[in-house]
Structure formats: structure tokens, C-alpha cells
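What follows is a short report on a single structure.
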Amino acid sequence: MSRVLMIDDARLFQMLEWSLLRRAGCDIVRVGSGREMIERARRDAPDLIVLDAERPAADGTDCLRSLKSDPALHSIPVLVVTSPEGVVGCSDAGADATLSRPVAPGALDLAFSFLPRVSRRLGRRRSTRLPVQIASPEGSLRGRIKDISRRGAFLALPQPLPLRARISLSLSLPLPSGRRSVRAQGEVVRQVPQDPESHLIPGVGVRFVEIDPRSEGWIDHYVEEGVVDEGGPWEDPGERHGA
């Protein structure tokens with residue numbers, strides 16, 4: 001599992017919880033200070049560090065310079081969230097990507113797509129409109145898969161399922177060798193409610209928690225033989241409700 005290291009910041013943690021990282025099953029680890037972040041990074045070698053430079057405990061640019069001057073840590077990508085006035089200073093201190101507040105919806109996912117090491121870890125997925133049968137605590141449901149990877153899928157549904165709900169998915173993948181049935185157990189890790197003001201498709205992001213190797217292989221084949229997007233957001237900014 002990929003690991004993300006961040007300063008203990010409730011607002012930033014909430015944004016990460018709704019981001020591509022959590023949908024891909026990344027483990028988000030919180031630390032209390034810039035010093036602890038450096039120590040933990042040396043010990044655990046995370047795949048990404050997310051730093052709120054405005055937090056007093058983060059030590060801002062000093063923490064960045066320490067990370068980027070350490071031979072064992074300098075290759076770890078660092079995404080910094082800061083004020084508009086702090087962007088230049090953080091970039092000069094070695095930030096691989098910066099976001100200024102207020103952070104717009106979808107901006108985190110877009111920033112991740114520009115960090116090659118992170119996007120490679122998150123893997124490939126394919127946009128689609130495949131029908132899916134869902135067994136959930138709310139009963140049996142039918143929906144459509146908006147996109148899929150071996151790690152999970154986004155399910156277009158009129159009403160989102162509860163976060164952390166365990167569900168079973170059944171679908172049929174059209175492959176060159178014929179249709180293949182795929183079954184998987186998943187966990188709801190993201191909700192997108194119905195909102196006429198938003199371009200986002202209502203539904204849920206699901207992380208696969210149990211799937212057999214054969215089904216994983218069929219998903220890989222399906223993704224590889226289609227139009228594949230590496231590392232970008234799961235939502236298509238141009239897609240509208242009912243598209």
C-alpha cells in the first residue's frame with residue numbers, strides 16, 4: 001500500500017480523505033510537527049509528503065529545506081499547501097508542487113497528476129459505462145461504473161451509499177476473448193451527492209478489499225486495451241449529469 005505523510009491538520013486531512021489518494025487505497029499517516037515528519041520519513045520512506053506550510057508546527061520552509069537537503073529524503077515528492085504569498089518561497093525551498101488557499105475542488109487530484117512518482121503508484125484506470133449489480137447494506141442496487149482500475153471503481157448512483165459500507169460488486173467485462181464475469185468485495189471511500197450546481201457525477205468511490213487474482217487480471221486487460229488515463233482525476237470536468 002502507498003503511504004502519504006502529513007502534518008496533523010484536520011482541514012487538510014479531510015481534503016485528502018476525499019481525494020484520489022484515499023480512493024486508491026493509500027495509507028494517510030499524520031504526524032505532529034516538522035521534526036517528527038522528517039524522522040518518520042527517514043524511518044518509513046513514504047511515497048508522498050503533504051505539508052501545510054502555514055501550520056506553526058510544520059516549520060514551513062525550514063522543514064522543506066531539511067527534507068530536500070537530506071540525500072535519503074530529497075527524492076520524495078512534497079506537495080505544499082500555503083497562502084498565495086507563500087507559494088514562491090515554498091517553491092524556492094524545494095516543493096515539488098504547491099497549492100494556494102483557498103484550495104478549489106479537484107485541485108488536489110490535479111496536483112497529484114503532475115507528480116510522476118505519485119501518478120505511477122496510483123496506477124491506470126479506464127473510463128466506461130458498464131452496468132454493475134451491487135449488494136449493499138441498503139439492499140440490492142443497479143448502477144453504472146464510471147471508471148475502473150484493479151484498485152477500485154467509481155459507481156454512478158442516484159443516491160450515495162454510506163462511507164465505509166462494505167458492498168459486493170458483480171459485472172461483466174467485454175474482452176477480445178469474450179465477456180468475463182468479475183466479482184469483488186469493496187469499501188465505500190468517497191461520496192458524491194446529487195448536486196445540480198456541480199459537474200460531478202453522483203455516486204461513490206469504492207476501494208476493492210477482496211478480489212481474486214483472475215478478476216484482477218481481467219480488469220488489467222480491460223484497462224490496457226481501452227483508453228487509459230494515468231494519474232489524473234476520476235471525474236471528467238466536461239461531463240455533466242445525465243451525460
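Ordering of the C-alpha cells sets the chain letters (A, B, ...), residue numbers begin anew at 1 in every chain, and ligands are numbered from 1 in the order given.
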Filtered DSSP result for region 25-228 of chain A, state alpha helix (DSSP H), as a ChimeraX atom specification: /A:34-44,60-69,87-93,107-113,116-122,213-224
Print the selection's residues with N, CA and C atoms to a file, as a compact mmCIF listing (two decimals), in the first residue's frame.
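What follows is the written file result.txt:
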```txt
# COMPACT_ATOMS: atom_id res chain seq x y z
N GLY A 34 7.04 19.31 12.16
CA GLY A 34 8.00 19.16 11.08
C GLY A 34 9.13 18.22 11.45
N ARG A 35 9.60 18.31 12.68
CA ARG A 35 10.68 17.43 13.14
C ARG A 35 10.24 15.97 13.11
N GLU A 36 9.01 15.71 13.60
CA GLU A 36 8.51 14.33 13.58
C GLU A 36 8.32 13.84 12.16
N MET A 37 7.93 14.75 11.26
CA MET A 37 7.74 14.37 9.86
C MET A 37 9.05 13.88 9.26
N ILE A 38 10.13 14.60 9.52
CA ILE A 38 11.44 14.21 8.98
C ILE A 38 11.88 12.87 9.55
N GLU A 39 11.69 12.69 10.86
CA GLU A 39 12.06 11.41 11.49
C GLU A 39 11.24 10.26 10.92
N ARG A 40 9.94 10.49 10.75
CA ARG A 40 9.07 9.43 10.24
C ARG A 40 9.39 9.13 8.78
N ALA A 41 9.71 10.16 8.01
CA ALA A 41 10.07 9.96 6.61
C ALA A 41 11.33 9.11 6.49
N ARG A 42 12.30 9.36 7.33
CA ARG A 42 13.54 8.56 7.32
C ARG A 42 13.26 7.10 7.66
N ARG A 43 12.30 6.89 8.55
CA ARG A 43 12.01 5.54 9.00
C ARG A 43 11.13 4.77 8.02
N ASP A 44 10.11 5.45 7.43
CA ASP A 44 9.08 4.75 6.66
C ASP A 44 9.16 4.94 5.15
N GLY A 60 7.19 25.10 8.13
CA GLY A 60 7.15 25.58 6.76
C GLY A 60 8.36 25.34 5.90
N THR A 61 8.98 26.43 5.45
CA THR A 61 10.11 26.32 4.51
C THR A 61 11.32 25.66 5.15
N ASP A 62 11.49 25.78 6.48
CA ASP A 62 12.62 25.11 7.13
C ASP A 62 12.49 23.59 7.01
N CYS A 63 11.27 23.08 7.19
CA CYS A 63 11.03 21.65 7.04
C CYS A 63 11.30 21.21 5.60
N LEU A 64 10.84 22.01 4.65
CA LEU A 64 11.07 21.71 3.24
C LEU A 64 12.56 21.61 2.93
N ARG A 65 13.33 22.60 3.38
CA ARG A 65 14.77 22.60 3.10
C ARG A 65 15.45 21.40 3.74
N SER A 66 15.00 21.01 4.93
CA SER A 66 15.58 19.84 5.59
C SER A 66 15.29 18.57 4.80
N LEU A 67 14.06 18.45 4.30
CA LEU A 67 13.69 17.27 3.51
C LEU A 67 14.50 17.20 2.22
N LYS A 68 14.62 18.32 1.53
CA LYS A 68 15.26 18.32 0.22
C LYS A 68 16.79 18.32 0.30
N SER A 69 17.35 18.62 1.47
CA SER A 69 18.81 18.58 1.61
C SER A 69 19.31 17.24 2.14
N VAL A 87 3.67 30.91 -1.90
CA VAL A 87 3.94 29.96 -2.98
C VAL A 87 5.38 30.06 -3.48
N VAL A 88 5.86 31.27 -3.74
CA VAL A 88 7.21 31.45 -4.29
C VAL A 88 8.25 30.95 -3.30
N GLY A 89 8.11 31.30 -2.02
CA GLY A 89 9.07 30.86 -1.02
C GLY A 89 9.12 29.35 -0.88
N CYS A 90 7.97 28.69 -0.93
CA CYS A 90 7.93 27.23 -0.82
C CYS A 90 8.53 26.57 -2.07
N SER A 91 8.26 27.14 -3.24
CA SER A 91 8.86 26.61 -4.46
C SER A 91 10.37 26.73 -4.41
N ASP A 92 10.86 27.88 -3.94
CA ASP A 92 12.30 28.09 -3.83
C ASP A 92 12.94 27.14 -2.82
N ALA A 93 12.16 26.74 -1.79
CA ALA A 93 12.68 25.84 -0.77
C ALA A 93 12.69 24.38 -1.21
N ALA A 107 -8.59 20.40 -7.01
CA ALA A 107 -7.23 20.90 -7.19
C ALA A 107 -6.18 19.92 -6.66
N LEU A 108 -6.50 19.23 -5.58
CA LEU A 108 -5.56 18.25 -5.03
C LEU A 108 -5.30 17.14 -6.05
N ASP A 109 -6.36 16.58 -6.61
CA ASP A 109 -6.19 15.50 -7.59
C ASP A 109 -5.40 15.97 -8.79
N LEU A 110 -5.67 17.20 -9.23
CA LEU A 110 -4.94 17.73 -10.37
C LEU A 110 -3.45 17.88 -10.04
N ALA A 111 -3.15 18.34 -8.82
CA ALA A 111 -1.75 18.47 -8.41
C ALA A 111 -1.06 17.11 -8.37
N PHE A 112 -1.75 16.09 -7.90
CA PHE A 112 -1.16 14.75 -7.85
C PHE A 112 -0.80 14.25 -9.24
N SER A 113 -1.62 14.62 -10.23
CA SER A 113 -1.39 14.13 -11.59
C SER A 113 -0.10 14.69 -12.17
N PRO A 116 4.95 12.69 -11.08
CA PRO A 116 5.07 11.39 -11.77
C PRO A 116 5.15 10.19 -10.84
N ARG A 117 5.92 10.32 -9.76
CA ARG A 117 6.06 9.17 -8.85
C ARG A 117 4.72 8.80 -8.23
N VAL A 118 3.93 9.80 -7.89
CA VAL A 118 2.63 9.55 -7.28
C VAL A 118 1.66 8.96 -8.30
N SER A 119 1.61 9.53 -9.50
CA SER A 119 0.67 9.04 -10.51
C SER A 119 0.98 7.62 -10.92
N ARG A 120 2.28 7.25 -10.96
CA ARG A 120 2.62 5.86 -11.30
C ARG A 120 2.13 4.91 -10.22
N ARG A 121 2.26 5.30 -8.95
CA ARG A 121 1.80 4.44 -7.87
C ARG A 121 0.29 4.26 -7.87
N LEU A 122 -0.41 5.31 -8.26
CA LEU A 122 -1.87 5.23 -8.26
C LEU A 122 -2.41 4.34 -9.37
N PRO A 213 -7.32 -13.14 -8.00
CA PRO A 213 -6.30 -12.77 -8.99
C PRO A 213 -6.80 -12.84 -10.44
N ARG A 214 -7.68 -13.79 -10.75
CA ARG A 214 -8.19 -13.90 -12.12
C ARG A 214 -8.99 -12.65 -12.49
N SER A 215 -9.85 -12.20 -11.58
CA SER A 215 -10.63 -10.99 -11.84
C SER A 215 -9.72 -9.77 -11.97
N GLU A 216 -8.67 -9.69 -11.14
CA GLU A 216 -7.71 -8.60 -11.26
C GLU A 216 -7.07 -8.60 -12.64
N GLY A 217 -6.71 -9.79 -13.13
CA GLY A 217 -6.10 -9.90 -14.45
C GLY A 217 -7.03 -9.46 -15.55
N TRP A 218 -8.31 -9.81 -15.45
CA TRP A 218 -9.28 -9.39 -16.46
C TRP A 218 -9.46 -7.87 -16.44
N ILE A 219 -9.49 -7.29 -15.23
CA ILE A 219 -9.59 -5.82 -15.14
C ILE A 219 -8.37 -5.18 -15.78
N ASP A 220 -7.19 -5.72 -15.52
CA ASP A 220 -5.96 -5.18 -16.13
C ASP A 220 -6.06 -5.21 -17.65
N HIS A 221 -6.52 -6.34 -18.21
CA HIS A 221 -6.66 -6.46 -19.67
C HIS A 221 -7.66 -5.43 -20.19
N TYR A 222 -8.77 -5.28 -19.48
CA TYR A 222 -9.80 -4.33 -19.91
C TYR A 222 -9.27 -2.91 -19.92
N VAL A 223 -8.52 -2.55 -18.86
CA VAL A 223 -7.96 -1.20 -18.76
C VAL A 223 -6.92 -0.97 -19.86
N GLU A 224 -6.03 -1.94 -20.06
CA GLU A 224 -4.94 -1.78 -21.01
C GLU A 224 -5.42 -1.67 -22.45
```
DSSP-assigned strand (DSSP E) members of region 10-242 of chain A, reported as number ranges by chain: A: 27-31, 48-52, 78-82, 97-100, 124-136, 139-148, 152-156, 166-175, 178-192, 203-211, 228-230
Could you pull the residues within 10 Å of Leu12 (chain A), counting only C-alpha atoms, minus those fewer than 5 positions along the same chain, as a short mmCIF file (atom, residue, chain, number, x, y, z; two decimals) with C-alpha atoms, in the first residue's frame?
```
data_model
loop_
_atom_site.label_atom_id
_atom_site.label_comp_id
_atom_site.auth_asym_id
_atom_site.auth_seq_id
_atom_site.Cartn_x
_atom_site.Cartn_y
_atom_site.Cartn_z
CA MET A 6 1.23 14.75 6.51
CA ILE A 7 1.24 17.18 9.45
CA GLU A 17 -9.80 11.74 2.67
CA VAL A 50 1.79 16.74 2.07
CA LEU A 51 2.75 19.81 4.09
CA ASP A 52 0.63 22.72 5.26
CA VAL A 81 -0.46 23.94 0.76
CA VAL A 103 -7.98 25.15 -2.38
#
```
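Close contacts of Val204 (chain A), defined as residues with an atom at most 8 Å away when counting only C-alpha atoms, with chain neighbours fewer than 2 positions off set aside, comprise A:Phe154, A:Leu155, A:Ala156, A:Leu157, A:Pro160, A:Leu161, A:Val188, A:Val189, A:Arg190, A:Gln191, A:Val192, A:Pro202, A:Val206.
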Contacts of Ser33 (chain A) within 8 Å, only C-alpha atoms, excl. fewer than 5 positions in-chain, as a ChimeraX atom specification: /A:7-8,57-59
Put those residues in a file: N, CA and C atoms, as an mmCIF file, in the first residue's frame.
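The resulting part_35.cif:
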```cif
data_model
loop_
_atom_site.group_PDB
_atom_site.id
_atom_site.type_symbol
_atom_site.label_atom_id
_atom_site.label_comp_id
_atom_site.auth_asym_id
_atom_site.auth_seq_id
_atom_site.Cartn_x
_atom_site.Cartn_y
_atom_site.Cartn_z
ATOM 1 N N ILE A 7 1.367 16.574 8.133
ATOM 2 C CA ILE A 7 1.238 17.179 9.449
ATOM 3 C C ILE A 7 -0.213 17.021 9.915
ATOM 4 N N ASP A 8 -0.398 16.842 11.221
ATOM 5 C CA ASP A 8 -1.728 16.628 11.786
ATOM 6 C C ASP A 8 -2.571 17.894 11.645
ATOM 7 N N ALA A 57 3.389 24.210 13.696
ATOM 8 C CA ALA A 57 4.173 23.001 13.993
ATOM 9 C C ALA A 57 4.909 22.461 12.779
ATOM 10 N N ALA A 58 4.523 22.921 11.595
ATOM 11 C CA ALA A 58 5.124 22.374 10.378
ATOM 12 C C ALA A 58 6.508 22.936 10.092
ATOM 13 N N ASP A 59 6.814 24.109 10.619
ATOM 14 C CA ASP A 59 8.091 24.786 10.373
ATOM 15 C C ASP A 59 8.267 25.154 8.898
#
```
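Shortest atom-to-atom contact with Pro158 (chain A) among A:Gly178, A:Gly32, A:Pro193, A:Pro131: A:Pro193, counting only C-alpha atoms.
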Atom pair CA of Arg11 (chain A) / CA of Gly152 (chain A): separation (Å): 25.2 Å
From A:Pro162, A:Pro176, A:Gly94, A:Pro84, residue lying nearest Gly203 (chain A) [only C-alpha atoms]: A:Pro162
